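Following: one structure in structure tokens, then a few remarks.
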Amino acid sequence: MVYTLPGVRFPAVPTSVNKSIASSSTFQFDRNVNNFCSFSRNGPPASRKIVAARSAYDSESPSSTVAASEKILVPGGKIDEPLSSAEKLEDVQTDLEDPQVPGSTVDDTSSSMVEQFDAFQDATEDLQASGGSVLEHGDTSGEEEVEATSKVLEEIISKESEQVKKRTIPPPGIGQRIYEIDPLLRDFSGHLDYRYGQYKKLREAIDKYEGGLEAFSRGYEKFGFTRSETGITYREWAPGAKWATLIGDFNNWNPNADVMTRNEFGIWEVFLPNNADGSPAIPHGSRVKIRMDTPSGLKDSIPAWIKFAVQAPGQIPYDGIYYDPPEEEKYVFKHPRPERPKSLRIYEAHVGMSSPEPLINTYANFRDEVLPRIKRLGYNAVQIMAIQEHSYYASFGYHVTNFFAPSSRFGTPDDLKSLIDRAHELGIVVLMDIVHSHASNNTLDGLNMFDGTDSCYFHSGARGYHWMWDSRLFNYGQWEVLRYLLSNTRWWLDEYKFDGFRYDGVTSMMYTHHGLQVAFTGNYNEYFGYSTDVDAVVYLMLANDVIHGLFPDAISVGEDVSGMPTFCIPVQDGGVGFDYRLHMAVADKWIELLKKRDEDWQMGDIVHTLTNRRWSEKCVVYAESHDQALVGDKTIAFWLMDKDMYDFMALDRPSTPLIDRGIALHKMIRLITMGLGGEGYLNFMGNEFGHPEWIDFPRCDQHLPDGRIIPGNNNSFDKCRRRFDLGDADYLRYRGMQEFDQAMQYLEEIYGFMTSGHQYISRKHEVDRVIVFERGDLVFVFNFHWTNSYSDYQIGCLKPGKYKVVLDSDDPLFGGFSRIDHSAEFFTFEGWFDGRPNSFLVYAPARTAVVYALANDKVDPVEE
């Protein structure tokens, strides 16, 4: 079924998406025009046998599993050749029986699946109690049994929202444990106790007037368009408006047809009864807007709570779309959420620029082409950027216009749901890069001047304007702003089943100076004083209450460059409540070092930057993210190899010293960042193989008010894509860098070193340029010297025994020179060295990283 708008074909998802667990069918945008075409992909279910590696010597990290490194059957039946880097992790083997789509490891089926099974049993009992029939073993064929199980599981998943409504967000605690964790905070107890007091007052007020935070965070069930059996109600908060009416295709844009009424709180409302035949008054796919008489004159605005917005071809403004397809045409989730990973390995991605072709990619293609790649590379989480609708593509999704609407450039809301469901099938958690730190200043399509005033949703005057970002700043002390943003947080978790968020620009939120032109030194006065926006910090506390109270396994990551203490401490203990802080200083340090000669690198400086994080507050670390890939900056690969990447990356051509240095250091920088930098790791798509070019969104010339012209790029998409074909090509050196990144992920999957409680740095030698440290059961040896290789180099370790090489950056598979003998065995001898009770001798070639593990591991087969 297709609903037609002027210049736009608007699809409804076909009913086939609900029919089979083994297939999915959806619509996708044509990549160059706003048309749609249908297609489907199939992948057979199967089983696999894997192994779990377990240390025989008092392991400080739990036993873990590794995904298959054999050939993998991907959607459509195509057999992919193995990415053999995982095979280089010796003594780790995978035996595939009935190849299948990657994603069914033991980790995929732990506590979350146990909960789903319990829910399945409960549902079965409910069905029996109500007189329904349940298929017993042997009553039907295997296919019928699977189908029946799938239907029950789909029903369980579909009822998740109802289950969430029954959850109770824990009441505020006393907020005093922060002083036990960090006694230095007692000197700032006045500020921190005031902050917690404000939080408690808001919780109490929300309980009193809104029935609790759970109900308060369901604003989308009251505001915007809500449908009942008798009709559609539309509500909007617009306190500055003097008159309002709902207009659209459904009433021929007649401003007198559906005039709204206002209550004492500035909330406008209109009810549209069903048509005589029982159909809704507003057809699915209709364009809608609210027209208001405001202090600034008559104004047509897209509803603030709109669920979908589309820009018709050849038009500048967006159209709000009433999106409410019939039940039989909505996408139905088939796969439960994966268990929350203990070790978070994030693949940061942008859907639109995820194609090798110069075009805007779609949710559907990302689902079928990119997600299996992410799984094969060994990442267990994908962080998707630019989901919230943004009228300006080149804003990277950070100038949001429609907060409840997924970007229509990439497809429909149901296409996005299909993408997330596929990720869950692969065992990948999906994080959304959410923007609540500011909003687009666009007055045509967004919230700016929504009701004709500059104070609706935002601070008025200069406080409500971000001069560097040219955007509007929310008033987090306003009741309806809290409702809007908290409901937005819940909406994406509940409706789309995202598994968490990376909150963008949190530093800008928490300080009135927004972190601009401020160098945070770590002095506590910088965090707790008059420059702190307490309203914004309290909002973040409430948001984390919603996230973790209603979705206990959800993940929240905050982008905070300031290093505010208490940021990653639970709210009930007095903290802000995030699970992780994005460790932004590390990427800046690498860029700083790459501007210097190797001779000027200080090993102690590297180690200090990587380990300089607050005790008990977890970090997600990265060597480079999307920020370093944009025009105006350079990726690590470009800093290292520059223009040589265009001429000397083919294996059939001689290399250059610059290329050899670049590839070696690129691997070492990523591994030491992952090894020492945090409890989670992030990589921006394409950086895993040293993407050779920057990101430059299509743009035309910009004419400034002073007459200057900023040149555009003729709206070219050439630099707004990811050349995955380069990383896959076995005749290019990019392939070795990608193989190494995959090996890093699988090493962490097997040994869980990022989340181990054991970390000890035994050597940071400035003359030798050697760094040695233990993380979990592994010993890492880095030789950053540009020429010196060391034979019989003594390194300390905690545990005695026989060690083996489990990862070697000098392996030819990774573009190295094969200077390490992988069959060699390294026996420890007693005696204190570098502060360790044992040590062993190794060969440490120049510009090489080698990881050692105890060789007396037991390998236990595990059936899934």
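Order determines the names: the first chain of the structure tokens is A, the second B, and so forth; residues in each chain are numbered 1 upward, and ligands are numbered 1 upward as they are shown.
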- Within 10 Å of Trp601 in chain A, counting only C-alpha atoms, which residues qualify if same-chain residues fewer than 3 places away don't, as a list in words?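 Residues meeting the cut-off are Glu592, Leu593, Leu594, Lys596, Arg597, Asp598, Gly604, Asp605, Ile606, Glu766, Arg769, Phe784 and His785 of chain A.
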Write to file, as a PDB file, in the first residue's frame, the residues of the selection just made, with N, CA, C and O atoms.
ATOM      1  N   GLU A 592      48.373  15.175  19.221  1.00  0.00           N
ATOM      2  CA  GLU A 592      49.499  15.982  19.704  1.00  0.00           C
ATOM      3  C   GLU A 592      50.825  15.282  19.450  1.00  0.00           C
ATOM      4  O   GLU A 592      51.801  15.907  18.993  1.00  0.00           O
ATOM      5  N   LEU A 593      50.893  13.984  19.720  1.00  0.00           N
ATOM      6  CA  LEU A 593      52.137  13.243  19.525  1.00  0.00           C
ATOM      7  C   LEU A 593      52.476  13.078  18.050  1.00  0.00           C
ATOM      8  O   LEU A 593      53.649  13.106  17.662  1.00  0.00           O
ATOM      9  N   LEU A 594      51.450  12.886  17.223  1.00  0.00           N
ATOM     10  CA  LEU A 594      51.705  12.661  15.806  1.00  0.00           C
ATOM     11  C   LEU A 594      52.244  13.902  15.102  1.00  0.00           C
ATOM     12  O   LEU A 594      52.758  13.809  13.988  1.00  0.00           O
ATOM     13  N   LYS A 596      54.696  15.429  16.347  1.00  0.00           N
ATOM     14  CA  LYS A 596      56.095  15.454  16.781  1.00  0.00           C
ATOM     15  C   LYS A 596      56.877  14.320  16.140  1.00  0.00           C
ATOM     16  O   LYS A 596      56.315  13.384  15.585  1.00  0.00           O
ATOM     17  N   ARG A 597      58.192  14.388  16.260  1.00  0.00           N
ATOM     18  CA  ARG A 597      59.055  13.290  15.839  1.00  0.00           C
ATOM     19  C   ARG A 597      58.930  12.141  16.836  1.00  0.00           C
ATOM     20  O   ARG A 597      58.601  12.338  17.999  1.00  0.00           O
ATOM     21  N   ASP A 598      59.234  10.921  16.374  1.00  0.00           N
ATOM     22  CA  ASP A 598      59.224   9.773  17.286  1.00  0.00           C
ATOM     23  C   ASP A 598      60.155  10.005  18.479  1.00  0.00           C
ATOM     24  O   ASP A 598      59.859   9.583  19.598  1.00  0.00           O
ATOM     25  N   GLY A 604      56.141   7.788  29.404  1.00  0.00           N
ATOM     26  CA  GLY A 604      55.377   8.117  30.601  1.00  0.00           C
ATOM     27  C   GLY A 604      54.185   8.997  30.296  1.00  0.00           C
ATOM     28  O   GLY A 604      53.127   8.875  30.941  1.00  0.00           O
ATOM     29  N   ASP A 605      54.342   9.880  29.326  1.00  0.00           N
ATOM     30  CA  ASP A 605      53.241  10.760  28.925  1.00  0.00           C
ATOM     31  C   ASP A 605      52.096   9.946  28.318  1.00  0.00           C
ATOM     32  O   ASP A 605      50.914  10.188  28.602  1.00  0.00           O
ATOM     33  N   ILE A 606      52.439   8.966  27.480  1.00  0.00           N
ATOM     34  CA  ILE A 606      51.428   8.107  26.869  1.00  0.00           C
ATOM     35  C   ILE A 606      50.685   7.321  27.942  1.00  0.00           C
ATOM     36  O   ILE A 606      49.445   7.277  27.967  1.00  0.00           O
ATOM     37  N   GLU A 766      62.087   5.253  29.058  1.00  0.00           N
ATOM     38  CA  GLU A 766      62.217   6.359  28.110  1.00  0.00           C
ATOM     39  C   GLU A 766      63.370   6.174  27.133  1.00  0.00           C
ATOM     40  O   GLU A 766      63.331   6.680  26.011  1.00  0.00           O
ATOM     41  N   ARG A 769      62.360   3.032  24.980  1.00  0.00           N
ATOM     42  CA  ARG A 769      61.038   3.310  24.376  1.00  0.00           C
ATOM     43  C   ARG A 769      60.133   2.077  24.454  1.00  0.00           C
ATOM     44  O   ARG A 769      59.418   1.751  23.498  1.00  0.00           O
ATOM     45  N   PHE A 784      58.284   1.096  21.102  1.00  0.00           N
ATOM     46  CA  PHE A 784      58.043   2.236  20.223  1.00  0.00           C
ATOM     47  C   PHE A 784      59.334   2.765  19.588  1.00  0.00           C
ATOM     48  O   PHE A 784      59.285   3.762  18.866  1.00  0.00           O
ATOM     49  N   HIS A 785      60.464   2.119  19.843  1.00  0.00           N
ATOM     50  CA  HIS A 785      61.708   2.629  19.252  1.00  0.00           C
ATOM     51  C   HIS A 785      61.679   2.447  17.742  1.00  0.00           C
ATOM     52  O   HIS A 785      61.194   1.446  17.223  1.00  0.00           O
TER      53      HIS A 785
END
- Item | Which of range 670-861 of chain A DSSP labels strand (DSSP E or B), written as a ChimeraX atom specification | /A:680-684,695,702-703,709-710,732,759-765,770-775,778-783,790-797,802-808,826-827,829-833,836-844,848-854,858-861
- Item | Near-Gly515 in chain A list (10 Å; only C-alpha atoms; drop same-chain fewer than 3 positions) as a PyMOL selection string | chain A and resi 505-512+518-520+531+560-562
Selection to disk with N, CA, C and O atoms, as a JSON list (two decimals), in the first residue's frame:
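Dumped everything to part-v2.json:
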[["chain", "number", "residue", "atom", "x", "y", "z"],
["A", 505, "GLY", "N", 27.62, 16.04, 23.64],
["A", 505, "GLY", "CA", 27.81, 17.41, 24.14],
["A", 505, "GLY", "C", 27.44, 17.61, 25.59],
["A", 505, "GLY", "O", 26.94, 18.69, 25.96],
["A", 506, "VAL", "N", 27.69, 16.62, 26.44],
["A", 506, "VAL", "CA", 27.29, 16.73, 27.84],
["A", 506, "VAL", "C", 28.06, 17.85, 28.54],
["A", 506, "VAL", "O", 27.52, 18.53, 29.41],
["A", 507, "THR", "N", 29.31, 18.04, 28.18],
["A", 507, "THR", "CA", 30.07, 19.13, 28.80],
["A", 507, "THR", "C", 29.40, 20.47, 28.54],
["A", 507, "THR", "O", 29.31, 21.32, 29.44],
["A", 508, "SER", "N", 28.91, 20.67, 27.35],
["A", 508, "SER", "CA", 28.21, 21.92, 27.03],
["A", 508, "SER", "C", 26.97, 22.09, 27.90],
["A", 508, "SER", "O", 26.62, 23.21, 28.28],
["A", 509, "MET", "N", 26.31, 20.99, 28.24],
["A", 509, "MET", "CA", 25.11, 21.06, 29.06],
["A", 509, "MET", "C", 25.44, 21.44, 30.50],
["A", 509, "MET", "O", 24.73, 22.24, 31.12],
["A", 510, "MET", "N", 26.50, 20.87, 31.05],
["A", 510, "MET", "CA", 26.73, 20.94, 32.49],
["A", 510, "MET", "C", 27.33, 22.25, 32.97],
["A", 510, "MET", "O", 27.41, 22.50, 34.17],
["A", 511, "TYR", "N", 27.79, 23.09, 32.05],
["A", 511, "TYR", "CA", 28.44, 24.35, 32.44],
["A", 511, "TYR", "C", 27.84, 25.50, 31.64],
["A", 511, "TYR", "O", 27.58, 25.36, 30.45],
["A", 512, "THR", "N", 27.69, 26.62, 32.30],
["A", 512, "THR", "CA", 27.14, 27.79, 31.61],
["A", 512, "THR", "C", 28.11, 28.33, 30.57],
["A", 512, "THR", "O", 27.70, 28.99, 29.62],
["A", 518, "VAL", "N", 37.85, 26.96, 27.87],
["A", 518, "VAL", "CA", 38.15, 26.59, 29.25],
["A", 518, "VAL", "C", 39.05, 25.37, 29.23],
["A", 518, "VAL", "O", 38.73, 24.38, 28.57],
["A", 519, "ALA", "N", 40.15, 25.44, 29.95],
["A", 519, "ALA", "CA", 41.06, 24.30, 30.06],
["A", 519, "ALA", "C", 40.86, 23.67, 31.43],
["A", 519, "ALA", "O", 41.22, 24.25, 32.45],
["A", 520, "PHE", "N", 40.22, 22.50, 31.43],
["A", 520, "PHE", "CA", 39.98, 21.83, 32.71],
["A", 520, "PHE", "C", 41.28, 21.19, 33.20],
["A", 520, "PHE", "O", 41.90, 20.40, 32.51],
["A", 531, "SER", "N", 29.63, 28.31, 37.75],
["A", 531, "SER", "CA", 29.58, 28.05, 36.31],
["A", 531, "SER", "C", 28.89, 26.72, 35.99],
["A", 531, "SER", "O", 28.69, 26.40, 34.82],
["A", 560, "ASP", "N", 31.78, 13.69, 27.92],
["A", 560, "ASP", "CA", 32.21, 14.76, 28.82],
["A", 560, "ASP", "C", 33.72, 14.90, 28.76],
["A", 560, "ASP", "O", 34.45, 13.98, 29.13],
["A", 561, "VAL", "N", 34.18, 16.04, 28.30],
["A", 561, "VAL", "CA", 35.61, 16.29, 28.21],
["A", 561, "VAL", "C", 36.16, 16.89, 29.49],
["A", 561, "VAL", "O", 37.36, 16.91, 29.71],
["A", 562, "SER", "N", 35.28, 17.36, 30.39],
["A", 562, "SER", "CA", 35.75, 18.06, 31.59],
["A", 562, "SER", "C", 36.29, 17.11, 32.64],
["A", 562, "SER", "O", 37.13, 17.49, 33.45]]
- Measuring atom to atom with only C-alpha atoms, identify which of A:Val557, A:Ala349, A:Val842, A:Leu213 is nearest to Ile169 in chain A. A:Leu213
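Restricting the calculation to only C-alpha atoms, the smallest distance between Phe223 in chain A and any of A:Cys456, A:Ala637, A:Met449, A:Ala238 is found for A:Ala238.
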- Message: Using only C-alpha atoms for the distances, tell me which of A:Val537, A:Thr453, A:Lys375, A:Gln311 is nearest to Glu389 in chain A.
- Response: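 Ranking A:Val537, A:Thr453, A:Lys375, A:Gln311 by distance to Glu389 in chain A, first place goes to A:Gln311.
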- May I ask which of the residues A:Pro413, A:Gly529, A:Pro171, A:Gly776 is the closest one to Gly190 in chain A, counting only C-alpha atoms?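 Closest candidate: A:Gly529.
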- Query: Hey, what's within 10 Å of Ser161 in chain A if we count only C-alpha atoms and toss same-chain stuff fewer than 2 positions away? As a ChimeraX atom specification, please?
  - Reply: /A:156-159,163-166,493-495,497,550
Residue contacts of Gly477 in chain A (10 Å, only C-alpha atoms) excluding same-chain residues fewer than 4 positions away, as a PDB file with N, CA and C atoms, in the first residue's frame:
ATOM      1  N   LEU A 202      12.556  17.630  42.591  1.00  0.00           N
ATOM      2  CA  LEU A 202      11.909  17.363  41.308  1.00  0.00           C
ATOM      3  C   LEU A 202      11.245  15.993  41.301  1.00  0.00           C
ATOM      4  N   TYR A 457      10.783  26.102  25.098  1.00  0.00           N
ATOM      5  CA  TYR A 457      11.767  25.022  25.146  1.00  0.00           C
ATOM      6  C   TYR A 457      13.179  25.506  25.461  1.00  0.00           C
ATOM      7  N   PHE A 458      13.489  26.756  25.213  1.00  0.00           N
ATOM      8  CA  PHE A 458      14.874  27.216  25.364  1.00  0.00           C
ATOM      9  C   PHE A 458      14.967  28.402  26.322  1.00  0.00           C
ATOM     10  N   HIS A 459      16.182  28.641  26.799  1.00  0.00           N
ATOM     11  CA  HIS A 459      16.441  29.876  27.521  1.00  0.00           C
ATOM     12  C   HIS A 459      16.277  31.044  26.544  1.00  0.00           C
ATOM     13  N   VAL A 481       9.831  21.112  29.319  1.00  0.00           N
ATOM     14  CA  VAL A 481      11.074  20.703  28.660  1.00  0.00           C
ATOM     15  C   VAL A 481      11.544  19.378  29.244  1.00  0.00           C
ATOM     16  N   LEU A 482      11.434  19.239  30.571  1.00  0.00           N
ATOM     17  CA  LEU A 482      11.788  17.967  31.200  1.00  0.00           C
ATOM     18  C   LEU A 482      10.903  16.843  30.673  1.00  0.00           C
ATOM     19  N   ASP A 533      25.784  24.388  35.550  1.00  0.00           N
ATOM     20  CA  ASP A 533      24.346  24.489  35.305  1.00  0.00           C
ATOM     21  C   ASP A 533      23.669  23.343  36.045  1.00  0.00           C
ATOM     22  N   VAL A 534      23.239  23.615  37.274  1.00  0.00           N
ATOM     23  CA  VAL A 534      22.671  22.569  38.122  1.00  0.00           C
ATOM     24  C   VAL A 534      21.411  21.977  37.496  1.00  0.00           C
ATOM     25  N   ASP A 535      20.597  22.819  36.853  1.00  0.00           N
ATOM     26  CA  ASP A 535      19.381  22.309  36.203  1.00  0.00           C
ATOM     27  C   ASP A 535      19.721  21.240  35.174  1.00  0.00           C
ATOM     28  N   ALA A 536      20.773  21.471  34.404  1.00  0.00           N
ATOM     29  CA  ALA A 536      21.158  20.512  33.366  1.00  0.00           C
ATOM     30  C   ALA A 536      21.685  19.225  33.989  1.00  0.00           C
ATOM     31  N   VAL A 538      20.909  18.014  36.926  1.00  0.00           N
ATOM     32  CA  VAL A 538      19.751  17.316  37.496  1.00  0.00           C
ATOM     33  C   VAL A 538      18.949  16.634  36.399  1.00  0.00           C
ATOM     34  N   TYR A 539      18.796  17.290  35.245  1.00  0.00           N
ATOM     35  CA  TYR A 539      18.111  16.623  34.130  1.00  0.00           C
ATOM     36  C   TYR A 539      18.823  15.327  33.761  1.00  0.00           C
TER      37      TYR A 539
END
- For range 315-325 of chain A: contacts at 8 Å, only C-alpha atoms, fewer than 6 positions along chain excluded, given as a list in words: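 The contact residues come out as Ala12, Phe225, Ile282, Pro283, His284, Gly285, Ser286, Arg287, Val288, Lys289, Ile302, Pro303, Ile306, Lys307, Phe308, Ala309, Ser391, Leu444 and Asp445 of chain A.
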Just the selected residues (N, CA, C and O atoms), exported as a CSV table (one decimal), in the first residue's frame, please.
chain,number,residue,atom,x,y,z
A,12,ALA,N,3.8,1.8,3.0
A,12,ALA,CA,3.5,1.0,4.2
A,12,ALA,C,4.3,-0.3,4.2
A,12,ALA,O,4.4,-0.9,3.1
A,225,PHE,N,0.2,13.4,18.5
A,225,PHE,CA,-1.0,12.7,18.0
A,225,PHE,C,-1.2,11.4,18.8
A,225,PHE,O,-0.3,10.6,18.8
A,282,ILE,N,-7.4,11.3,10.2
A,282,ILE,CA,-6.1,11.7,9.5
A,282,ILE,C,-5.5,10.4,8.9
A,282,ILE,O,-5.1,9.5,9.6
A,283,PRO,N,-5.5,10.2,7.6
A,283,PRO,CA,-4.9,9.0,7.0
A,283,PRO,C,-3.4,8.9,7.3
A,283,PRO,O,-2.7,9.9,7.3
A,284,HIS,N,-3.0,7.7,7.4
A,284,HIS,CA,-1.6,7.4,7.5
A,284,HIS,C,-0.8,8.0,6.4
A,284,HIS,O,-1.2,7.8,5.2
A,285,GLY,N,0.2,8.8,6.6
A,285,GLY,CA,1.0,9.4,5.6
A,285,GLY,C,0.7,10.8,5.2
A,285,GLY,O,1.3,11.4,4.4
A,286,SER,N,-0.4,11.3,5.9
A,286,SER,CA,-0.8,12.7,5.6
A,286,SER,C,0.2,13.7,6.1
A,286,SER,O,0.8,13.6,7.2
A,287,ARG,N,0.4,14.8,5.4
A,287,ARG,CA,1.2,15.9,5.9
A,287,ARG,C,0.3,16.7,6.9
A,287,ARG,O,-0.9,17.0,6.7
A,288,VAL,N,1.0,17.2,8.0
A,288,VAL,CA,0.3,17.9,9.0
A,288,VAL,C,1.2,19.0,9.5
A,288,VAL,O,2.4,18.9,9.5
A,289,LYS,N,0.6,20.1,10.0
A,289,LYS,CA,1.3,21.2,10.6
A,289,LYS,C,0.3,21.9,11.6
A,289,LYS,O,-0.9,21.7,11.5
A,302,ILE,N,6.0,22.4,12.3
A,302,ILE,CA,5.8,21.0,12.4
A,302,ILE,C,5.6,20.6,13.8
A,302,ILE,O,6.3,21.2,14.7
A,303,PRO,N,4.6,19.8,14.1
A,303,PRO,CA,4.3,19.4,15.5
A,303,PRO,C,5.6,19.0,16.3
A,303,PRO,O,6.4,18.3,15.7
A,306,ILE,N,6.2,15.2,16.5
A,306,ILE,CA,6.0,14.5,15.3
A,306,ILE,C,6.9,13.2,15.3
A,306,ILE,O,8.0,13.3,15.7
A,307,LYS,N,6.3,12.2,14.7
A,307,LYS,CA,7.1,10.9,14.7
A,307,LYS,C,7.8,10.6,13.3
A,307,LYS,O,8.6,9.7,13.2
A,308,PHE,N,7.5,11.5,12.4
A,308,PHE,CA,8.2,11.3,11.1
A,308,PHE,C,8.1,12.6,10.3
A,308,PHE,O,7.0,13.3,10.4
A,309,ALA,N,9.1,13.0,9.6
A,309,ALA,CA,9.1,14.2,8.8
A,309,ALA,C,9.9,14.0,7.5
A,309,ALA,O,10.9,13.3,7.5
A,391,SER,N,17.4,18.7,9.5
A,391,SER,CA,17.2,19.2,8.1
A,391,SER,C,18.5,19.5,7.3
A,391,SER,O,18.5,19.4,6.1
A,444,LEU,N,11.9,27.0,10.6
A,444,LEU,CA,10.9,26.4,9.7
A,444,LEU,C,10.5,25.0,10.1
A,444,LEU,O,9.3,24.6,10.0
A,445,ASP,N,11.5,24.2,10.5
A,445,ASP,CA,11.3,22.7,10.7
A,445,ASP,C,11.4,22.3,12.1
A,445,ASP,O,11.0,21.2,12.4
- alpha helix (DSSP H) call set, DSSP backbone run, range 722-792 of chain A, as an MDAnalysis selection string: chainID A and resid 724:728 734:751
- How many Å separate CA of Asn251 in chain A from CA of Asp300 in chain A?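 Computing the Euclidean distance for CA of Asn251 in chain A and CA of Asp300 in chain A yields 15.1 Å.
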- Message: Given only C-alpha atoms as the basis, pick out the residue of A:Gly378, A:Gly558, A:Pro406, A:Pro654 nearest to Ser437 in chain A.
- Response: A:Gly558
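One distance worth recording is that between CA of Phe814 in chain A and CA of Phe740 in chain A, which is 5.5 Å.
Take CA of Ser556 in chain A and CA of Asp187 in chain A: the distance between them is 28.3 Å.
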- Task: Give the answer as one residue: which of A:Val259, A:Ala650, A:Ala381, A:Met468 has the shortest atom-to-atom distance to Val430 in chain A, using only C-alpha atoms?
- Result: A:Ala381
